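See below for the structure under consideration.
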Amino acid sequence: MRESIIMLITAAISTLGFSILFYVHPRRLLVATLGGVLTTAVYLIAGHFIGGELFPNLLAALVGAGFSEIMARVTKVPVPVYMVPCVIPLVPGSGLYGTMFNFVTGNYPEAASAGLRTLQVALGIAGGIVIASVLGIIFRPRLFIRKKR
């Protein structure tokens, strides 16, 4: 439980820092940070019940991308303003480092294992974003489409 709280706090800090670094407007920082915390919470819950790397990341990215689609429409900004900060806490930085470190030091079996885990995380994130984007396109409100008579 304590580790989960620490992960949520660090997700909020990292998302906020990333959003500031990439010039997210100050009025949008709170929403972007909440998106990062939301994706981390979904990842932790899904990881507890499902386990593995692929499906918890897929669900977390799906929820984060869905949140981004909704908030982008509510605040009238492009979706990537919220999408990129939402998935930042999911990016497998330690997995990439572990893969390269083991590869460079000649520990090829461990490099392959870390690389496979990293690939599963990346596929989960990409899959969740694609699914949410497709659903966003399918269910996009048709407010500006005029019917021809």
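By convention here, the chains of the structure tokens are called A, B, ... in the order presented, each chain's residues are numbered starting at 1, and ligands are numbered starting at 1 in the order presented.
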Problem set entry | Leu16 in chain A surroundings by only C-alpha atoms, 12 Å radius, close-in-sequence under 5 positions cut, as JSON, numbers by chain | {"A": [9, 10, 11, 21, 22, 23, 24, 25, 26, 28, 29, 30, 31, 32, 33, 34, 35, 36, 37, 82, 84, 85, 86, 88, 89]}
Mind writing the picked residues with N, CA and C atoms as an mmCIF file, in the first residue's frame?
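Saved file part.cif follows:
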```
data_model
loop_
_atom_site.group_PDB
_atom_site.id
_atom_site.type_symbol
_atom_site.label_atom_id
_atom_site.label_comp_id
_atom_site.auth_asym_id
_atom_site.auth_seq_id
_atom_site.Cartn_x
_atom_site.Cartn_y
_atom_site.Cartn_z
ATOM 1 N N ILE A 9 2.367 9.468 -6.055
ATOM 2 C CA ILE A 9 2.978 10.784 -5.828
ATOM 3 C C ILE A 9 4.075 11.057 -6.858
ATOM 4 N N THR A 10 4.923 10.071 -7.106
ATOM 5 C CA THR A 10 5.976 10.279 -8.106
ATOM 6 C C THR A 10 5.397 10.408 -9.510
ATOM 7 N N ALA A 11 4.281 9.729 -9.775
ATOM 8 C CA ALA A 11 3.625 9.900 -11.081
ATOM 9 C C ALA A 11 3.112 11.322 -11.238
ATOM 10 N N LEU A 21 7.924 21.077 -18.734
ATOM 11 C CA LEU A 21 9.054 21.042 -19.656
ATOM 12 C C LEU A 21 8.608 21.191 -21.109
ATOM 13 N N PHE A 22 7.456 20.630 -21.437
ATOM 14 C CA PHE A 22 6.964 20.696 -22.808
ATOM 15 C C PHE A 22 5.869 21.725 -23.003
ATOM 16 N N TYR A 23 5.882 22.756 -22.175
ATOM 17 C CA TYR A 23 5.073 23.956 -22.354
ATOM 18 C C TYR A 23 3.570 23.712 -22.417
ATOM 19 N N VAL A 24 3.063 22.820 -21.579
ATOM 20 C CA VAL A 24 1.617 22.717 -21.437
ATOM 21 C C VAL A 24 1.173 23.985 -20.722
ATOM 22 N N HIS A 25 0.119 24.594 -21.212
ATOM 23 C CA HIS A 25 -0.349 25.857 -20.650
ATOM 24 C C HIS A 25 -0.650 25.681 -19.158
ATOM 25 N N PRO A 26 -0.303 26.667 -18.335
ATOM 26 C CA PRO A 26 -0.520 26.536 -16.884
ATOM 27 C C PRO A 26 -1.965 26.207 -16.490
ATOM 28 N N ARG A 28 -3.801 24.168 -17.940
ATOM 29 C CA ARG A 28 -4.044 22.766 -18.259
ATOM 30 C C ARG A 28 -3.164 21.802 -17.443
ATOM 31 N N LEU A 29 -2.283 22.352 -16.618
ATOM 32 C CA LEU A 29 -1.345 21.516 -15.868
ATOM 33 C C LEU A 29 -2.052 20.583 -14.884
ATOM 34 N N LEU A 30 -3.070 21.061 -14.210
ATOM 35 C CA LEU A 30 -3.765 20.227 -13.231
ATOM 36 C C LEU A 30 -4.438 19.031 -13.901
ATOM 37 N N VAL A 31 -5.096 19.275 -15.028
ATOM 38 C CA VAL A 31 -5.771 18.181 -15.739
ATOM 39 C C VAL A 31 -4.755 17.181 -16.273
ATOM 40 N N ALA A 32 -3.659 17.675 -16.825
ATOM 41 C CA ALA A 32 -2.616 16.778 -17.334
ATOM 42 C C ALA A 32 -2.020 15.940 -16.210
ATOM 43 N N THR A 33 -1.789 16.558 -15.062
ATOM 44 C CA THR A 33 -1.242 15.830 -13.917
ATOM 45 C C THR A 33 -2.230 14.792 -13.406
ATOM 46 N N LEU A 34 -3.494 15.146 -13.338
ATOM 47 C CA LEU A 34 -4.514 14.178 -12.923
ATOM 48 C C LEU A 34 -4.573 12.987 -13.880
ATOM 49 N N GLY A 35 -4.367 13.245 -15.157
ATOM 50 C CA GLY A 35 -4.337 12.153 -16.135
ATOM 51 C C GLY A 35 -3.195 11.191 -15.875
ATOM 52 N N GLY A 36 -2.020 11.707 -15.531
ATOM 53 C CA GLY A 36 -0.890 10.847 -15.208
ATOM 54 C C GLY A 36 -1.131 10.025 -13.957
ATOM 55 N N VAL A 37 -1.749 10.630 -12.955
ATOM 56 C CA VAL A 37 -2.072 9.908 -11.722
ATOM 57 C C VAL A 37 -3.138 8.850 -12.005
ATOM 58 N N TYR A 82 -3.026 16.398 -23.638
ATOM 59 C CA TYR A 82 -3.257 15.553 -22.465
ATOM 60 C C TYR A 82 -2.751 14.128 -22.656
ATOM 61 N N VAL A 84 -0.004 12.839 -24.164
ATOM 62 C CA VAL A 84 1.419 12.607 -23.904
ATOM 63 C C VAL A 84 1.717 12.621 -22.400
ATOM 64 N N PRO A 85 1.265 13.635 -21.641
ATOM 65 C CA PRO A 85 1.522 13.571 -20.201
ATOM 66 C C PRO A 85 0.846 12.387 -19.506
ATOM 67 N N CYS A 86 -0.287 11.939 -20.003
ATOM 68 C CA CYS A 86 -0.981 10.811 -19.373
ATOM 69 C C CYS A 86 -0.177 9.520 -19.452
ATOM 70 N N ILE A 88 3.165 9.277 -19.841
ATOM 71 C CA ILE A 88 4.553 9.409 -19.379
ATOM 72 C C ILE A 88 4.862 8.498 -18.191
ATOM 73 N N PRO A 89 3.994 8.382 -17.190
ATOM 74 C CA PRO A 89 4.339 7.481 -16.076
ATOM 75 C C PRO A 89 4.426 6.011 -16.478
#
```
Exercise. Excluding same-chain residues fewer than 5 positions from Gly124 in chain A, what lies within 10 Å of it counting only C-alpha atoms, as a VMD selection string?
Worked result: chain A and resid 53 to 62 90 118 to 119 129 to 130
Restricting it to C-alpha atoms, dump the selection as a PDB file, in the first residue's frame.
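Once written, selection_27.pdb looks like this:
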```pdb
ATOM      1  CA  GLU A  53       3.097  -6.303 -18.099  1.00  0.00           C
ATOM      2  CA  LEU A  54       0.983  -6.220 -21.250  1.00  0.00           C
ATOM      3  CA  PHE A  55      -2.586  -6.008 -19.977  1.00  0.00           C
ATOM      4  CA  PRO A  56      -2.071  -3.602 -17.042  1.00  0.00           C
ATOM      5  CA  ASN A  57      -0.282  -1.188 -19.372  1.00  0.00           C
ATOM      6  CA  LEU A  58      -2.918  -1.661 -22.069  1.00  0.00           C
ATOM      7  CA  LEU A  59      -5.741  -0.882 -19.643  1.00  0.00           C
ATOM      8  CA  ALA A  60      -3.894   2.067 -18.127  1.00  0.00           C
ATOM      9  CA  ALA A  61      -3.102   3.543 -21.545  1.00  0.00           C
ATOM     10  CA  LEU A  62      -6.693   2.936 -22.675  1.00  0.00           C
ATOM     11  CA  LEU A  90       3.907   4.249 -18.062  1.00  0.00           C
ATOM     12  CA  THR A 118      10.002  -3.681 -22.146  1.00  0.00           C
ATOM     13  CA  LEU A 119       8.450  -4.714 -25.446  1.00  0.00           C
ATOM     14  CA  ILE A 129      -3.763   4.472 -27.251  1.00  0.00           C
ATOM     15  CA  VAL A 130      -4.875   2.984 -30.570  1.00  0.00           C
TER      16      VAL A 130
END
```
